[in-house]
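Notes follow the structure.
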Amino acid sequence: MVFTTFKRITRTGFVNFWRNGFLSFAAIVIITLSLCAFGGIIFTSAFGRALLADVKDKVDINVYFALTSQQSDILSLQKEINVLPEVASTTYISRDQALTSFQAKWQNNALIMQGLTEIGDNPFPAALNIKAKDPGQYGSIADYLTSKNPLDASGTPIIEKINYQENKLIIDRLSRIIPVAEQAGLAVTVILIIVSVIVVWNTIRLIIYTAKDEISVMKLVGASNIYVRGPLVVSGIMYGIISAIITLALMAAVAYWSDTLILRLAGVQIAADFGLIVNVLSDYFRQNFPEIFVIIMGAGIILGGVSSYIAARRYLRV
Amino acid sequence: MIYYDKVSKVYPDKTIAVDNVSFGIEPKEFVTIVGQSGAGKTTLMKMLIAEEWPSHGAIFFESANIQRLNKRQMNKLRRRIGMVFQDYRLIPNKTVYENIAFAMEATGKNDREVSSDVPHVLELVDLGHKIWNFPGELSGGEKQRVAIARAIVTQPDIVIADEPTGNLDPTNTYEIIRILQKINELGTTVMLATHNKGVVDTIGGRIITMDKGKVIKDSREGKYIL
């Protein structure tokens with residue numbers, strides 16, 4: 001009996017979905033738009049996170065050492081810095097490496113290369129590149145180094161310069177902007193979700209309103225609530241599933257299109273040179289597809305099914 | 001079988017639709033309720049299927065007070081009453097077959113019973129050839145015959161018909177009345193509301209006359225006197 005009921009409800013839901021073609025179409029359009037808002041939120045936050053990570057990664061401080069300082073002193077300082085809890089990573093750049101990378105960068109510029117030859121000696125100091133776990137922590141790392149002021153065997157300070165002051169402005173700004181941006185993103189997300197839920201809910205309510213006479217006839221024939229409401233919920237779930245499939249297809253299209261667009265606008269070489277973040281959305285979409293699928297499909301089914309379930313309630317009181 | 005016990009119905013706008021009405025209906029009776037529009041016929045019938053609730057008094061179906069039934073019992077009761085409306089109330093996006101099958105499915109009949117009984121009852125109302133049409137493709141008389149088929153397919157104890165011929169021409173009216181009489185002859189109680197004098201004179205049988213919410217005449221073999 002339960003199986004028969006289930007079978008009849010499902011079949012009626014399918015048939016109604018098909019026969020009320022225009023209403024189904026309208027519901028699918030509305031739910032798809034709402035799900036696209038969800039998808040947009042997912043993409044924006046993914047892109048925003050990639051952008052932030054990229055910017056955070058570019059922010060660092062460099063400690064330049066006196067030309068006379070010994071490599072062993074620098075390496076032991078690097079060890080000390082590495083154990084600081086704020087530090088994410090450090091990279092040691094020796095004087096030779098600094099020279100090689102400078103030459104590689106400017107090898108086509110004869111004037112600069114000539115100037116370098118005229119100097120004769122290697123003018124570049126050794127450097128230590130430090131990345132913090134959080135942009136807000138560079139200040140304390142710089143303070144730590146200044147106050148520590150390590151000396152070499154002869155008693156001369158080995159640190160010549162810390163470029164924290166130069167980067168301070170951008171670092172400070174970033175550490176203020178990032179949390180605000182994250183909060184604003186959350187607020188926009190919540191508002192968009194509320195709006196889309198309200199819009200879908202009202203659309204479904206209108207659709208069920210058009211069926212209110214049928215509902216009352218069914219009730220007067222003696223049909224139990226589940227018999228009347230079941231097919232409506234099945235139709236609602238179908239709206240949700242179809243909308244979710246459309247939305248996922250649109251998201252895939254947007255992900256791949258946006259990547260090729262960035263590449264086409266910037267050119268592959270320039271994009272690589274400037275380290276533009278490409279393939280963010282398509283990579284994200286591919287790697288997180290199961291989660292995205294569950295979120296979009298789940299939201300679609302819940303929006304369609306639950307809205308129908310609740311909206312039918314008021315007409316069942318016959 | 002059915003007993004209206006001092007039933008009154010006052011609508012929220014203070015209209016008195018039914019005023020202290022009492023009468024009973026015996027099994028297998030054919031009862032015609034006559035009266036002009038607004039006399040309270042429809043309200044009387046709606047209260048029997050609990051689409052409306054009486055303001056005072058009680059309505060009994062066998063020994064059960066309809067107002068005291070819970071949802072489940074109410075669904076069961078409604079399955080024992082076949083209802084025919086003036087405006088047919090067929091479900092527009094279901095075929096004739098599905099409209100009738102739905103009523104059977106609601107009562108929990110299995111698929112085999114549904115697929116054998118629906119064509120049978122459509123033959124009874126002479127609509128076997130329109131089984132796969134939608135209500136929009138039928139004439140008024142045909143729609144009403146489908147509605148009657150829906151009302152009787154569950155083999156109810158009583159069929160209630162509220163102005164079933166109100167929208168029909170004389171030929172179709174006669175057809176519908178003939179079908180209702182046939183149903184009655186097969187042993188089902190019929191309660192018919194009408195203001196059509198010709199219909200009343202054709203039927204004969206018990207006639208309850210209503211005016212302004214009151215029963216003014218209840219005669220076993222009557223004529224329409226208004």
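In the structure tokens, chains take letters A, B, ... by order of appearance, with residues numbered from 1 within each chain and ligands from 1 in the order shown.
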
Identify all chain A residues at most 12 Å from chain B by counting only C-alpha atoms; ligands do not count. Present them as a compact mmCIF listing (two decimals) with N, CA and C atoms, in the first residue's frame.
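And here's part.txt as it stands now:
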```txt
# COMPACT_ATOMS: atom_id res chain seq x y z
N MET A 1 0.84 -1.22 0.00
CA MET A 1 0.00 0.00 0.00
C MET A 1 0.87 1.25 0.00
N VAL A 2 1.89 1.23 0.88
CA VAL A 2 2.79 2.37 0.92
C VAL A 2 3.49 2.53 -0.42
N PHE A 3 3.90 1.37 -0.99
CA PHE A 3 4.58 1.42 -2.29
C PHE A 3 3.65 1.95 -3.38
N THR A 4 2.39 1.44 -3.37
CA THR A 4 1.43 1.90 -4.37
C THR A 4 1.23 3.40 -4.26
N THR A 5 1.05 3.88 -3.03
CA THR A 5 0.85 5.31 -2.81
C THR A 5 2.04 6.09 -3.36
N PHE A 6 3.24 5.61 -3.00
CA PHE A 6 4.46 6.30 -3.45
C PHE A 6 4.52 6.34 -4.97
N LYS A 7 4.20 5.19 -5.57
CA LYS A 7 4.27 5.10 -7.04
C LYS A 7 3.27 6.07 -7.67
N ARG A 8 2.05 6.09 -7.13
CA ARG A 8 1.02 6.96 -7.71
C ARG A 8 1.38 8.43 -7.55
N ILE A 9 1.91 8.76 -6.37
CA ILE A 9 2.28 10.16 -6.12
C ILE A 9 3.38 10.59 -7.08
N ARG A 11 4.18 9.26 -9.97
CA ARG A 11 3.70 9.31 -11.35
C ARG A 11 2.89 10.58 -11.59
N THR A 12 1.98 10.89 -10.65
CA THR A 12 1.16 12.09 -10.82
C THR A 12 2.03 13.33 -10.84
N GLY A 13 3.05 13.35 -9.97
CA GLY A 13 3.97 14.50 -9.95
C GLY A 13 4.63 14.69 -11.30
N VAL A 15 3.59 13.57 -14.26
CA VAL A 15 2.60 13.93 -15.28
C VAL A 15 2.23 15.41 -15.16
N ASN A 16 2.00 15.87 -13.91
CA ASN A 16 1.64 17.28 -13.71
C ASN A 16 2.75 18.19 -14.19
N PHE A 17 3.99 17.79 -13.87
CA PHE A 17 5.14 18.58 -14.30
C PHE A 17 5.10 18.77 -15.80
N TRP A 18 4.84 17.70 -16.51
CA TRP A 18 4.87 17.73 -17.96
C TRP A 18 3.69 18.51 -18.51
N ARG A 19 2.48 18.28 -17.94
CA ARG A 19 1.28 18.90 -18.50
C ARG A 19 1.21 20.39 -18.19
N ASN A 20 1.73 20.80 -17.02
CA ASN A 20 1.74 22.23 -16.70
C ASN A 20 3.02 22.84 -17.24
N GLY A 21 3.28 22.57 -18.52
CA GLY A 21 4.56 22.94 -19.11
C GLY A 21 4.99 24.37 -18.83
N THR A 210 -2.69 28.44 -8.24
CA THR A 210 -3.49 28.13 -9.43
C THR A 210 -4.11 26.74 -9.33
N ALA A 211 -3.56 25.90 -8.45
CA ALA A 211 -4.09 24.54 -8.33
C ALA A 211 -5.02 24.41 -7.13
N LYS A 212 -5.41 25.55 -6.53
CA LYS A 212 -6.13 25.42 -5.25
C LYS A 212 -7.51 24.78 -5.42
N ASP A 213 -8.15 25.02 -6.58
CA ASP A 213 -9.46 24.39 -6.79
C ASP A 213 -9.31 22.88 -6.89
N GLU A 214 -8.26 22.48 -7.63
CA GLU A 214 -8.02 21.03 -7.74
C GLU A 214 -7.78 20.43 -6.38
N ILE A 215 -7.00 21.15 -5.57
CA ILE A 215 -6.69 20.63 -4.24
C ILE A 215 -7.97 20.44 -3.45
N SER A 216 -8.89 21.43 -3.54
CA SER A 216 -10.10 21.30 -2.74
C SER A 216 -10.98 20.17 -3.28
N VAL A 217 -11.01 19.99 -4.63
CA VAL A 217 -11.78 18.88 -5.17
C VAL A 217 -11.22 17.55 -4.66
N MET A 218 -9.89 17.44 -4.70
CA MET A 218 -9.27 16.19 -4.24
C MET A 218 -9.63 15.92 -2.79
N LYS A 219 -9.58 16.99 -1.99
CA LYS A 219 -9.92 16.81 -0.58
C LYS A 219 -11.37 16.36 -0.43
N LEU A 220 -12.28 16.96 -1.24
CA LEU A 220 -13.70 16.64 -1.10
C LEU A 220 -14.01 15.24 -1.59
N VAL A 221 -13.16 14.70 -2.45
CA VAL A 221 -13.34 13.32 -2.89
C VAL A 221 -12.87 12.37 -1.80
N GLY A 222 -12.19 12.91 -0.82
CA GLY A 222 -11.77 12.09 0.31
C GLY A 222 -10.31 11.69 0.27
N ALA A 223 -9.52 12.40 -0.57
CA ALA A 223 -8.10 12.08 -0.64
C ALA A 223 -7.40 12.58 0.63
N SER A 224 -6.46 11.77 1.12
CA SER A 224 -5.72 12.20 2.30
C SER A 224 -4.70 13.27 1.88
N ASN A 225 -4.20 14.00 2.87
CA ASN A 225 -3.29 15.11 2.57
C ASN A 225 -2.09 14.69 1.74
N ILE A 226 -1.55 13.51 2.07
CA ILE A 226 -0.33 13.10 1.37
C ILE A 226 -0.61 12.88 -0.11
N TYR A 227 -1.84 12.42 -0.43
CA TYR A 227 -2.21 12.19 -1.81
C TYR A 227 -2.28 13.48 -2.60
N VAL A 228 -2.70 14.54 -1.91
CA VAL A 228 -2.87 15.81 -2.58
C VAL A 228 -1.53 16.53 -2.67
N LEU A 316 -4.89 22.92 2.02
CA LEU A 316 -5.32 21.58 2.43
C LEU A 316 -6.40 21.63 3.51
N ARG A 317 -6.62 22.82 4.05
CA ARG A 317 -7.58 22.91 5.16
C ARG A 317 -9.00 22.97 4.67
N VAL A 318 -9.40 22.03 3.81
CA VAL A 318 -10.79 22.01 3.35
C VAL A 318 -11.55 21.01 4.19
```

*Check the DSSP output for the backbone and give back, as a PyMOL selection string, the residues of region 109-195 of chain A in strand (DSSP E).*
chain A and resi 127-132+159-162

Would you mind exporting C-alpha atoms of the selected residues as an mmCIF file, in the first residue's frame?
```
data_model
loop_
_atom_site.group_PDB
_atom_site.id
_atom_site.type_symbol
_atom_site.label_atom_id
_atom_site.label_comp_id
_atom_site.auth_asym_id
_atom_site.auth_seq_id
_atom_site.Cartn_x
_atom_site.Cartn_y
_atom_site.Cartn_z
ATOM 1 C CA ALA A 127 69.134 38.788 1.524
ATOM 2 C CA LEU A 128 66.628 36.844 3.527
ATOM 3 C CA ASN A 129 63.079 36.837 2.228
ATOM 4 C CA ILE A 130 60.502 36.317 4.982
ATOM 5 C CA LYS A 131 56.835 35.481 4.543
ATOM 6 C CA ALA A 132 54.500 35.718 7.477
ATOM 7 C CA ILE A 159 71.697 43.496 9.082
ATOM 8 C CA GLU A 160 72.032 46.465 6.803
ATOM 9 C CA LYS A 161 68.409 47.166 6.090
ATOM 10 C CA ILE A 162 64.909 45.751 6.553
#
```

*Measuring atom to atom with only C-alpha atoms, identify which of B:Lys143, B:Met1, B:Met45, B:Thr173 is nearest to Ile33 (chain B).*
B:Met45

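Between CA of Ile41 (chain A) and CA of Ala27 (chain A) there is a distance of 21.3 Å.
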
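With CA of Ala299 (chain A) on one side and CA of Gly236 (chain A) on the other, the separation reads 12.1 Å.
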
Name the residues in contact with region 82-99 of chain A at a cut-off of 12 Å, using only C-alpha atoms, excluding same-chain residues fewer than 5 positions from it; report them as a PDB file with C-alpha atoms, in the first residue's frame.
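What ended up in around-v2.pdb:
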```pdb
ATOM      1  CA  LYS A  56      49.255  37.750   0.625  1.00  0.00           C
ATOM      2  CA  ASP A  57      51.880  35.625  -1.069  1.00  0.00           C
ATOM      3  CA  ASP A  60      56.847  39.820   2.200  1.00  0.00           C
ATOM      4  CA  ILE A  61      59.781  41.566   3.838  1.00  0.00           C
ATOM      5  CA  ASN A  62      63.381  41.355   2.782  1.00  0.00           C
ATOM      6  CA  VAL A  63      66.271  41.623   5.166  1.00  0.00           C
ATOM      7  CA  TYR A  64      69.432  42.833   3.441  1.00  0.00           C
ATOM      8  CA  PHE A  65      72.755  41.990   5.009  1.00  0.00           C
ATOM      9  CA  ALA A  66      75.997  43.921   5.075  1.00  0.00           C
ATOM     10  CA  LEU A  67      78.395  42.954   2.268  1.00  0.00           C
ATOM     11  CA  THR A  68      80.918  41.878   4.863  1.00  0.00           C
ATOM     12  CA  SER A  69      78.568  39.562   6.752  1.00  0.00           C
ATOM     13  CA  GLN A  70      79.320  35.860   6.814  1.00  0.00           C
ATOM     14  CA  GLN A  71      76.984  33.307   5.284  1.00  0.00           C
ATOM     15  CA  SER A  72      77.125  31.180   8.462  1.00  0.00           C
ATOM     16  CA  ASP A  73      75.855  34.090  10.586  1.00  0.00           C
ATOM     17  CA  ILE A  74      72.996  34.658   8.180  1.00  0.00           C
ATOM     18  CA  LEU A  75      72.051  30.983   8.077  1.00  0.00           C
ATOM     19  CA  SER A  76      71.993  30.727  11.854  1.00  0.00           C
ATOM     20  CA  LEU A  77      69.750  33.818  11.969  1.00  0.00           C
ATOM     21  CA  ALA A 104      69.286  37.086 -16.198  1.00  0.00           C
ATOM     22  CA  LYS A 105      66.662  39.784 -15.891  1.00  0.00           C
ATOM     23  CA  TRP A 106      68.580  42.501 -17.678  1.00  0.00           C
ATOM     24  CA  GLN A 107      70.708  40.481 -20.094  1.00  0.00           C
ATOM     25  CA  MET A 113      75.064  45.198 -18.230  1.00  0.00           C
ATOM     26  CA  LEU A 116      77.456  46.245 -13.915  1.00  0.00           C
ATOM     27  CA  THR A 117      80.764  45.362 -15.554  1.00  0.00           C
ATOM     28  CA  GLY A 120      83.522  45.181 -11.277  1.00  0.00           C
ATOM     29  CA  ASP A 121      82.668  43.696  -7.925  1.00  0.00           C
ATOM     30  CA  ASN A 122      79.345  42.072  -7.039  1.00  0.00           C
ATOM     31  CA  PRO A 123      77.324  44.984  -5.605  1.00  0.00           C
ATOM     32  CA  PHE A 124      74.408  42.883  -4.372  1.00  0.00           C
ATOM     33  CA  PRO A 125      73.980  42.073  -0.699  1.00  0.00           C
ATOM     34  CA  ALA A 126      72.786  38.716   0.535  1.00  0.00           C
ATOM     35  CA  ALA A 127      69.134  38.788   1.524  1.00  0.00           C
ATOM     36  CA  LEU A 128      66.628  36.844   3.527  1.00  0.00           C
ATOM     37  CA  ASN A 129      63.079  36.837   2.228  1.00  0.00           C
ATOM     38  CA  ILE A 130      60.502  36.317   4.982  1.00  0.00           C
ATOM     39  CA  LYS A 131      56.835  35.481   4.543  1.00  0.00           C
ATOM     40  CA  ALA A 132      54.500  35.718   7.477  1.00  0.00           C
ATOM     41  CA  LYS A 133      51.436  33.550   8.003  1.00  0.00           C
ATOM     42  CA  ASP A 134      49.316  36.686   8.263  1.00  0.00           C
ATOM     43  CA  PRO A 135      50.025  40.153   6.804  1.00  0.00           C
ATOM     44  CA  GLY A 136      49.399  41.706  10.218  1.00  0.00           C
ATOM     45  CA  GLN A 137      52.423  39.944  11.671  1.00  0.00           C
ATOM     46  CA  TYR A 138      55.157  41.605   9.603  1.00  0.00           C
ATOM     47  CA  GLY A 139      55.411  44.447  12.087  1.00  0.00           C
ATOM     48  CA  SER A 140      56.298  42.180  14.964  1.00  0.00           C
ATOM     49  CA  ILE A 141      58.782  40.213  12.846  1.00  0.00           C
ATOM     50  CA  ALA A 142      60.507  43.450  11.791  1.00  0.00           C
ATOM     51  CA  TYR A 144      62.008  41.359  16.527  1.00  0.00           C
ATOM     52  CA  LEU A 145      64.856  41.667  14.008  1.00  0.00           C
TER      53      LEU A 145
END
```

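Coordinates place CA of Ile193 (chain A) at a distance of 18.4 Å from CA of Ile246 (chain A).
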